[in-house]
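final08.txt (compact mmCIF, N, CA and C atoms)
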```
# COMPACT_ATOMS: atom_id res chain seq x y z
N MET K 8 0.85 -1.18 0.00
CA MET K 8 0.00 0.00 0.00
C MET K 8 0.89 1.24 0.00
N SER K 9 0.61 2.18 -0.88
CA SER K 9 1.43 3.38 -1.00
C SER K 9 0.94 4.47 -0.05
N ALA K 10 1.75 5.52 0.08
CA ALA K 10 1.35 6.66 0.94
C ALA K 10 0.08 7.30 0.40
N GLY K 11 -0.05 7.35 -0.93
CA GLY K 11 -1.26 7.90 -1.54
C GLY K 11 -2.50 7.10 -1.16
N ASP K 12 -2.35 5.76 -1.10
CA ASP K 12 -3.47 4.91 -0.68
C ASP K 12 -3.84 5.17 0.77
N ASP K 13 -2.83 5.38 1.62
CA ASP K 13 -3.09 5.68 3.04
C ASP K 13 -3.85 6.99 3.19
N ILE K 14 -3.47 7.99 2.42
CA ILE K 14 -4.15 9.30 2.50
C ILE K 14 -5.58 9.16 2.00
N ALA K 15 -5.79 8.43 0.92
CA ALA K 15 -7.15 8.24 0.39
C ALA K 15 -8.01 7.49 1.39
N ALA K 16 -7.45 6.49 2.05
CA ALA K 16 -8.20 5.73 3.04
C ALA K 16 -8.55 6.60 4.24
N ALA K 17 -7.62 7.45 4.67
CA ALA K 17 -7.88 8.35 5.79
C ALA K 17 -8.97 9.35 5.43
N ALA K 18 -8.92 9.88 4.21
CA ALA K 18 -9.95 10.83 3.76
C ALA K 18 -11.31 10.16 3.69
N ALA K 19 -11.36 8.91 3.22
CA ALA K 19 -12.63 8.18 3.14
C ALA K 19 -13.17 7.93 4.54
N TYR K 20 -12.31 7.64 5.51
CA TYR K 20 -12.75 7.42 6.88
C TYR K 20 -13.34 8.71 7.47
N ILE K 21 -12.69 9.84 7.24
CA ILE K 21 -13.19 11.12 7.74
C ILE K 21 -14.56 11.42 7.15
N VAL K 22 -14.72 11.19 5.85
CA VAL K 22 -16.01 11.42 5.20
C VAL K 22 -17.07 10.51 5.83
N ALA K 23 -16.74 9.25 6.02
CA ALA K 23 -17.71 8.30 6.57
C ALA K 23 -18.11 8.64 7.99
N MET K 24 -17.22 9.23 8.75
CA MET K 24 -17.49 9.52 10.16
C MET K 24 -18.07 10.92 10.38
N SER K 25 -18.12 11.74 9.36
CA SER K 25 -18.59 13.12 9.51
C SER K 25 -20.10 13.18 9.72
N THR K 26 -20.49 14.08 10.59
CA THR K 26 -21.91 14.27 10.88
C THR K 26 -22.24 15.75 10.74
N ILE K 27 -22.29 16.22 9.52
CA ILE K 27 -22.64 17.61 9.24
C ILE K 27 -24.08 17.60 8.75
N THR K 28 -24.89 18.55 9.22
CA THR K 28 -26.29 18.57 8.81
C THR K 28 -26.67 19.91 8.18
N LEU K 29 -27.67 19.83 7.31
CA LEU K 29 -28.26 20.98 6.66
C LEU K 29 -29.71 21.04 7.14
N SER K 30 -30.09 22.14 7.77
CA SER K 30 -31.45 22.24 8.32
C SER K 30 -32.48 22.37 7.19
N PRO K 31 -33.73 22.02 7.48
CA PRO K 31 -34.78 22.20 6.48
C PRO K 31 -34.92 23.65 6.01
N SER K 32 -34.74 24.63 6.91
CA SER K 32 -34.86 26.03 6.49
C SER K 32 -33.71 26.43 5.57
N ALA K 33 -32.51 25.92 5.80
CA ALA K 33 -31.39 26.19 4.91
C ALA K 33 -31.62 25.53 3.55
N ALA K 34 -32.12 24.30 3.57
CA ALA K 34 -32.42 23.60 2.32
C ALA K 34 -33.48 24.36 1.52
N ALA K 35 -34.50 24.86 2.21
CA ALA K 35 -35.56 25.62 1.53
C ALA K 35 -35.00 26.89 0.91
N ARG K 36 -34.08 27.55 1.59
CA ARG K 36 -33.49 28.78 1.06
C ARG K 36 -32.66 28.49 -0.19
N VAL K 37 -31.87 27.42 -0.16
CA VAL K 37 -31.07 27.06 -1.34
C VAL K 37 -32.00 26.72 -2.50
N ALA K 38 -33.08 25.99 -2.23
CA ALA K 38 -34.04 25.64 -3.28
C ALA K 38 -34.68 26.90 -3.87
N ALA K 39 -34.98 27.89 -3.02
CA ALA K 39 -35.57 29.14 -3.50
C ALA K 39 -34.59 29.92 -4.37
N ILE K 40 -33.33 29.95 -3.98
CA ILE K 40 -32.30 30.62 -4.78
C ILE K 40 -32.15 29.92 -6.13
N ALA K 41 -32.12 28.58 -6.11
CA ALA K 41 -31.98 27.81 -7.35
C ALA K 41 -33.17 28.08 -8.28
N ALA K 42 -34.37 28.12 -7.72
CA ALA K 42 -35.57 28.39 -8.54
C ALA K 42 -35.52 29.79 -9.13
N ARG K 43 -35.12 30.77 -8.31
CA ARG K 43 -35.05 32.16 -8.79
C ARG K 43 -34.03 32.31 -9.91
N GLN K 44 -32.93 31.56 -9.82
CA GLN K 44 -31.88 31.63 -10.84
C GLN K 44 -32.17 30.70 -12.03
N GLY K 45 -33.24 29.91 -11.93
CA GLY K 45 -33.56 28.98 -13.01
C GLY K 45 -32.54 27.85 -13.14
N LYS K 46 -31.94 27.45 -12.01
CA LYS K 46 -30.92 26.41 -12.01
C LYS K 46 -31.32 25.31 -11.02
N PRO K 47 -32.24 24.45 -11.41
CA PRO K 47 -32.63 23.38 -10.49
C PRO K 47 -31.44 22.48 -10.16
N GLY K 48 -31.39 22.02 -8.95
CA GLY K 48 -30.30 21.15 -8.54
C GLY K 48 -29.06 21.89 -8.06
N LEU K 49 -29.14 23.20 -7.93
CA LEU K 49 -28.02 23.99 -7.41
C LEU K 49 -27.70 23.50 -6.00
N LYS K 50 -26.41 23.42 -5.67
CA LYS K 50 -25.96 22.89 -4.39
C LYS K 50 -25.25 23.98 -3.58
N LEU K 51 -25.41 23.91 -2.27
CA LEU K 51 -24.72 24.83 -1.36
C LEU K 51 -23.36 24.24 -1.03
N ARG K 52 -22.29 25.03 -1.21
CA ARG K 52 -20.96 24.60 -0.80
C ARG K 52 -20.58 25.34 0.47
N LEU K 53 -20.10 24.58 1.47
CA LEU K 53 -19.57 25.15 2.70
C LEU K 53 -18.11 24.75 2.81
N ALA K 54 -17.25 25.73 3.02
CA ALA K 54 -15.82 25.48 3.18
C ALA K 54 -15.30 26.30 4.35
N VAL K 55 -14.16 25.91 4.86
CA VAL K 55 -13.47 26.64 5.91
C VAL K 55 -12.16 27.16 5.32
N ASP K 56 -11.94 28.46 5.42
CA ASP K 56 -10.71 29.09 4.94
C ASP K 56 -9.99 29.73 6.11
N GLY K 57 -8.69 29.84 6.00
CA GLY K 57 -7.92 30.59 6.98
C GLY K 57 -8.23 32.07 6.82
N GLY K 58 -8.30 32.78 7.93
CA GLY K 58 -8.56 34.22 7.86
C GLY K 58 -9.68 34.62 8.80
N GLY K 59 -10.17 35.81 8.60
CA GLY K 59 -11.19 36.33 9.51
C GLY K 59 -10.54 36.80 10.79
N CYS K 60 -11.32 37.44 11.63
CA CYS K 60 -10.75 38.02 12.84
C CYS K 60 -10.46 36.98 13.92
N ALA K 61 -11.00 35.75 13.79
CA ALA K 61 -10.76 34.73 14.82
C ALA K 61 -9.86 33.59 14.33
N GLY K 62 -9.39 33.63 13.08
CA GLY K 62 -8.46 32.62 12.59
C GLY K 62 -8.98 31.80 11.43
N PHE K 63 -10.24 31.42 11.45
CA PHE K 63 -10.87 30.68 10.36
C PHE K 63 -12.19 31.34 10.01
N GLN K 64 -12.62 31.18 8.77
CA GLN K 64 -13.91 31.74 8.39
C GLN K 64 -14.66 30.77 7.50
N TYR K 65 -15.97 30.85 7.58
CA TYR K 65 -16.83 30.03 6.73
C TYR K 65 -16.96 30.69 5.38
N LYS K 66 -16.97 29.88 4.35
CA LYS K 66 -17.14 30.38 3.00
C LYS K 66 -18.30 29.61 2.37
N PHE K 67 -19.31 30.34 1.91
CA PHE K 67 -20.47 29.74 1.26
C PHE K 67 -20.43 30.04 -0.23
N GLY K 68 -20.91 29.09 -1.01
CA GLY K 68 -21.02 29.30 -2.44
C GLY K 68 -22.11 28.39 -3.00
N LEU K 69 -22.43 28.58 -4.26
CA LEU K 69 -23.42 27.75 -4.94
C LEU K 69 -22.75 27.09 -6.14
N GLU K 70 -22.96 25.79 -6.30
CA GLU K 70 -22.34 25.04 -7.38
C GLU K 70 -23.34 24.10 -8.01
N SER K 71 -23.09 23.74 -9.26
CA SER K 71 -24.00 22.84 -9.96
C SER K 71 -23.60 21.38 -9.81
N ALA K 72 -22.34 21.10 -9.45
CA ALA K 72 -21.89 19.71 -9.35
C ALA K 72 -20.91 19.55 -8.19
N ALA K 73 -20.89 18.34 -7.65
CA ALA K 73 -19.97 18.01 -6.57
C ALA K 73 -18.64 17.55 -7.15
N ALA K 74 -17.57 17.79 -6.40
CA ALA K 74 -16.26 17.23 -6.75
C ALA K 74 -16.25 15.76 -6.30
N ALA K 75 -15.36 14.98 -6.87
CA ALA K 75 -15.30 13.54 -6.58
C ALA K 75 -15.07 13.25 -5.09
N ASP K 76 -14.34 14.12 -4.40
CA ASP K 76 -14.01 13.85 -3.00
C ASP K 76 -14.86 14.64 -2.00
N ASP K 77 -15.91 15.30 -2.46
CA ASP K 77 -16.79 16.06 -1.57
C ASP K 77 -17.65 15.14 -0.70
N LEU K 78 -17.92 15.58 0.50
CA LEU K 78 -18.99 14.99 1.30
C LEU K 78 -20.26 15.66 0.81
N VAL K 79 -21.28 14.88 0.50
CA VAL K 79 -22.56 15.41 0.05
C VAL K 79 -23.60 15.10 1.11
N VAL K 80 -24.21 16.14 1.66
CA VAL K 80 -25.25 16.01 2.67
C VAL K 80 -26.55 16.48 2.04
N GLU K 81 -27.60 15.69 2.13
CA GLU K 81 -28.88 16.07 1.53
C GLU K 81 -29.97 16.22 2.57
N THR K 82 -30.77 17.26 2.39
CA THR K 82 -31.97 17.51 3.19
C THR K 82 -33.06 17.97 2.25
N ASP K 83 -34.19 17.31 2.29
CA ASP K 83 -35.35 17.68 1.48
C ASP K 83 -35.00 17.84 0.00
N GLY K 84 -34.11 16.99 -0.50
CA GLY K 84 -33.75 17.03 -1.91
C GLY K 84 -32.72 18.07 -2.29
N VAL K 85 -32.18 18.80 -1.32
CA VAL K 85 -31.16 19.83 -1.56
C VAL K 85 -29.83 19.33 -1.01
N ALA K 86 -28.76 19.49 -1.79
CA ALA K 86 -27.44 19.01 -1.38
C ALA K 86 -26.55 20.14 -0.88
N MET K 87 -25.76 19.80 0.13
CA MET K 87 -24.69 20.67 0.61
C MET K 87 -23.38 19.92 0.39
N LEU K 88 -22.37 20.61 -0.12
CA LEU K 88 -21.07 20.02 -0.43
C LEU K 88 -20.03 20.53 0.55
N VAL K 89 -19.16 19.62 1.02
CA VAL K 89 -18.06 20.00 1.91
C VAL K 89 -16.81 19.29 1.42
N ASP K 90 -15.74 20.04 1.20
CA ASP K 90 -14.48 19.46 0.74
C ASP K 90 -13.78 18.73 1.88
N PRO K 91 -12.91 17.76 1.57
CA PRO K 91 -12.26 16.97 2.62
C PRO K 91 -11.34 17.76 3.55
N VAL K 92 -10.78 18.87 3.08
CA VAL K 92 -9.91 19.69 3.94
C VAL K 92 -10.73 20.38 5.04
N SER K 93 -11.96 20.76 4.72
CA SER K 93 -12.82 21.46 5.68
C SER K 93 -13.50 20.52 6.67
N LEU K 94 -13.63 19.24 6.32
CA LEU K 94 -14.38 18.30 7.15
C LEU K 94 -13.97 18.26 8.62
N PRO K 95 -12.69 18.17 8.95
CA PRO K 95 -12.34 18.08 10.37
C PRO K 95 -12.78 19.29 11.19
N PHE K 96 -12.89 20.45 10.55
CA PHE K 96 -13.31 21.67 11.25
C PHE K 96 -14.83 21.74 11.41
N LEU K 97 -15.56 20.92 10.65
CA LEU K 97 -17.02 21.03 10.60
C LEU K 97 -17.76 19.82 11.16
N ASP K 98 -17.04 18.83 11.65
CA ASP K 98 -17.69 17.62 12.15
C ASP K 98 -18.67 17.97 13.27
N GLY K 99 -19.91 17.55 13.11
CA GLY K 99 -20.94 17.83 14.10
C GLY K 99 -21.65 19.15 13.90
N ALA K 100 -21.26 19.91 12.88
CA ALA K 100 -21.84 21.24 12.65
C ALA K 100 -23.21 21.13 11.98
N CYS K 101 -24.02 22.16 12.17
CA CYS K 101 -25.31 22.26 11.51
C CYS K 101 -25.40 23.62 10.81
N VAL K 102 -25.81 23.59 9.54
CA VAL K 102 -26.00 24.82 8.77
C VAL K 102 -27.49 25.12 8.74
N ASP K 103 -27.84 26.31 9.17
CA ASP K 103 -29.23 26.75 9.23
C ASP K 103 -29.37 28.05 8.44
N PHE K 104 -30.59 28.41 8.11
CA PHE K 104 -30.86 29.72 7.52
C PHE K 104 -31.74 30.46 8.51
N VAL K 105 -31.29 31.62 8.97
CA VAL K 105 -31.96 32.37 10.03
C VAL K 105 -32.37 33.74 9.51
N GLU K 106 -33.62 34.09 9.76
CA GLU K 106 -34.13 35.42 9.41
C GLU K 106 -34.50 36.16 10.68
N THR K 107 -33.97 37.38 10.81
CA THR K 107 -34.31 38.25 11.92
C THR K 107 -34.83 39.57 11.35
N MET K 108 -35.18 40.49 12.21
CA MET K 108 -35.70 41.78 11.74
C MET K 108 -34.70 42.51 10.86
N GLY K 109 -33.41 42.39 11.17
CA GLY K 109 -32.42 43.17 10.45
C GLY K 109 -31.60 42.40 9.42
N ALA K 110 -31.74 41.06 9.38
CA ALA K 110 -30.87 40.31 8.49
C ALA K 110 -31.43 38.92 8.21
N ALA K 111 -30.90 38.31 7.18
CA ALA K 111 -31.18 36.92 6.84
C ALA K 111 -29.87 36.32 6.35
N ALA K 112 -29.48 35.17 6.92
CA ALA K 112 -28.18 34.61 6.57
C ALA K 112 -28.11 33.14 6.92
N PHE K 113 -27.19 32.44 6.25
CA PHE K 113 -26.87 31.09 6.65
C PHE K 113 -26.04 31.19 7.94
N LYS K 114 -26.32 30.30 8.88
CA LYS K 114 -25.61 30.31 10.16
C LYS K 114 -25.08 28.91 10.43
N VAL K 115 -23.82 28.83 10.85
CA VAL K 115 -23.20 27.55 11.18
C VAL K 115 -23.11 27.43 12.70
N THR K 116 -23.71 26.38 13.23
CA THR K 116 -23.54 26.05 14.65
C THR K 116 -22.50 24.94 14.67
N ASN K 117 -21.32 25.27 15.21
CA ASN K 117 -20.17 24.39 15.10
C ASN K 117 -19.62 24.04 16.48
N PRO K 118 -19.73 22.77 16.90
CA PRO K 118 -19.22 22.38 18.21
C PRO K 118 -17.69 22.41 18.30
N ASN K 119 -17.01 22.50 17.17
CA ASN K 119 -15.54 22.55 17.17
C ASN K 119 -14.99 23.95 17.38
N ALA K 120 -15.85 24.95 17.28
CA ALA K 120 -15.41 26.34 17.42
C ALA K 120 -15.22 26.66 18.90
N ALA K 121 -13.98 26.97 19.26
CA ALA K 121 -13.68 27.32 20.65
C ALA K 121 -14.11 28.75 20.96
N SER K 122 -14.06 29.60 19.96
CA SER K 122 -14.50 30.98 20.12
C SER K 122 -14.86 31.52 18.76
N GLY K 123 -15.57 32.63 18.75
CA GLY K 123 -15.97 33.26 17.51
C GLY K 123 -15.84 34.76 17.62
N CYS K 124 -16.22 35.42 16.55
CA CYS K 124 -16.17 36.88 16.57
C CYS K 124 -17.60 37.44 16.56
N GLY K 125 -17.73 38.70 16.68
CA GLY K 125 -19.04 39.34 16.72
C GLY K 125 -19.85 39.20 15.46
N CYS K 126 -19.17 39.09 14.31
CA CYS K 126 -19.90 39.01 13.04
C CYS K 126 -20.50 37.63 12.83
N GLY K 127 -20.00 36.61 13.53
CA GLY K 127 -20.55 35.27 13.42
C GLY K 127 -20.04 34.45 12.27
N SER K 128 -19.14 35.01 11.44
CA SER K 128 -18.64 34.24 10.30
C SER K 128 -17.19 33.79 10.47
N SER K 129 -16.61 34.05 11.63
CA SER K 129 -15.23 33.70 11.89
C SER K 129 -15.15 32.96 13.21
N PHE K 130 -14.21 31.99 13.30
CA PHE K 130 -14.09 31.20 14.52
C PHE K 130 -12.66 30.72 14.72
N SER K 131 -12.37 30.21 15.91
CA SER K 131 -11.08 29.58 16.20
C SER K 131 -11.36 28.21 16.79
N VAL K 132 -10.34 27.34 16.68
CA VAL K 132 -10.47 25.98 17.23
C VAL K 132 -9.45 25.75 18.32
```
Render the structure in this file as structure tokens.
Amino acid sequence: MSAGDDIAAAAAYIVAMSTITLSPSAAARVAAIAARQGKPGLKLRLAVDGGGCAGFQYKFGLESAAAADDLVVETDGVAMLVDPVSLPFLDGACVDFVETMGAAAFKVTNPNAASGCGCGSSFSV
């Protein structure tokens, strides 16, 4: 077995053990965006990037297809994609869509975040 095989096996194990969820309200919001754009099947991508005021930040995007190594989480027929590099930072996290009087946004509740910043989009582990 080569080092590449070991890395692929480790990545597959992380994907299999990950428990990331997409709430029904977040799924409904992605479906509404996809319908408005005329792109049925649009998927929400969640990634973790270095940066932000607390060290890491969440990055959201919309994509039409998953990469071969993405974790795909489905709720109510809507898919969320997470790349294997972001998985360890997001294990156990839940992505929700929250509307308040002053704002509407996707929100990540992440048990791995040791602290966050006031804006809610940056965290540390």
Between atom CA of Gly84 of chain K and atom CA of Ala42 of chain K, distance in Å (one decimal):
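These two atoms are separated by 13.3 Å.
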Non-local contacts of Ser30 of chain K (9 Å; only C-alpha atoms; under 2 positions in same chain excluded) as a PDB file with N, CA and C atoms, in the coordinates of the input:
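Okay, selection07.pdb is ready:
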```pdb
ATOM      1  N   THR K  28     -24.890  18.550   9.220  1.00  0.00           N
ATOM      2  CA  THR K  28     -26.290  18.570   8.810  1.00  0.00           C
ATOM      3  C   THR K  28     -26.670  19.910   8.180  1.00  0.00           C
ATOM      4  N   SER K  32     -34.740  24.630   6.910  1.00  0.00           N
ATOM      5  CA  SER K  32     -34.860  26.030   6.490  1.00  0.00           C
ATOM      6  C   SER K  32     -33.710  26.430   5.570  1.00  0.00           C
ATOM      7  N   ALA K  33     -32.510  25.920   5.800  1.00  0.00           N
ATOM      8  CA  ALA K  33     -31.390  26.190   4.910  1.00  0.00           C
ATOM      9  C   ALA K  33     -31.620  25.530   3.550  1.00  0.00           C
ATOM     10  N   ALA K  34     -32.120  24.300   3.570  1.00  0.00           N
ATOM     11  CA  ALA K  34     -32.420  23.600   2.320  1.00  0.00           C
ATOM     12  C   ALA K  34     -33.480  24.360   1.520  1.00  0.00           C
ATOM     13  N   ALA K  35     -34.500  24.860   2.210  1.00  0.00           N
ATOM     14  CA  ALA K  35     -35.560  25.620   1.530  1.00  0.00           C
ATOM     15  C   ALA K  35     -35.000  26.890   0.910  1.00  0.00           C
ATOM     16  N   THR K  82     -30.770  17.260   2.390  1.00  0.00           N
ATOM     17  CA  THR K  82     -31.970  17.510   3.190  1.00  0.00           C
ATOM     18  C   THR K  82     -33.060  17.970   2.250  1.00  0.00           C
ATOM     19  N   CYS K 101     -24.020  22.160  12.170  1.00  0.00           N
ATOM     20  CA  CYS K 101     -25.310  22.260  11.510  1.00  0.00           C
ATOM     21  C   CYS K 101     -25.400  23.620  10.810  1.00  0.00           C
ATOM     22  N   VAL K 102     -25.810  23.590   9.540  1.00  0.00           N
ATOM     23  CA  VAL K 102     -26.000  24.820   8.770  1.00  0.00           C
ATOM     24  C   VAL K 102     -27.490  25.120   8.740  1.00  0.00           C
ATOM     25  N   ASP K 103     -27.840  26.310   9.170  1.00  0.00           N
ATOM     26  CA  ASP K 103     -29.230  26.750   9.230  1.00  0.00           C
ATOM     27  C   ASP K 103     -29.370  28.050   8.440  1.00  0.00           C
ATOM     28  N   PHE K 104     -30.590  28.410   8.110  1.00  0.00           N
ATOM     29  CA  PHE K 104     -30.860  29.720   7.520  1.00  0.00           C
ATOM     30  C   PHE K 104     -31.740  30.460   8.510  1.00  0.00           C
TER      31      PHE K 104
END
```
Would you please work out which residue, of K:Arg36, K:Thr26, K:Val115, K:Ala72, is nearest to Gly48 of chain K when using all atoms listed in the file?
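Answer, going by the shortest atom-to-atom distance: K:Ala72.
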Identify, on the basis of all atoms listed in the file, every residue whose closest approach to segment 90-96 of chain K does not exceed 6.5 Å; exclude the query and any residue fewer than 5 positions from it along the same chain; express the result as an MDAnalysis selection string.
chainID K and resid 53:55 76:78 119
Which is closest to Ala112 of chain K among K:Val37, K:Phe63, K:Ala75, K:Lys50, if we use only C-alpha atoms?
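Selected residue with least distance to Ala112 of chain K: K:Val37.
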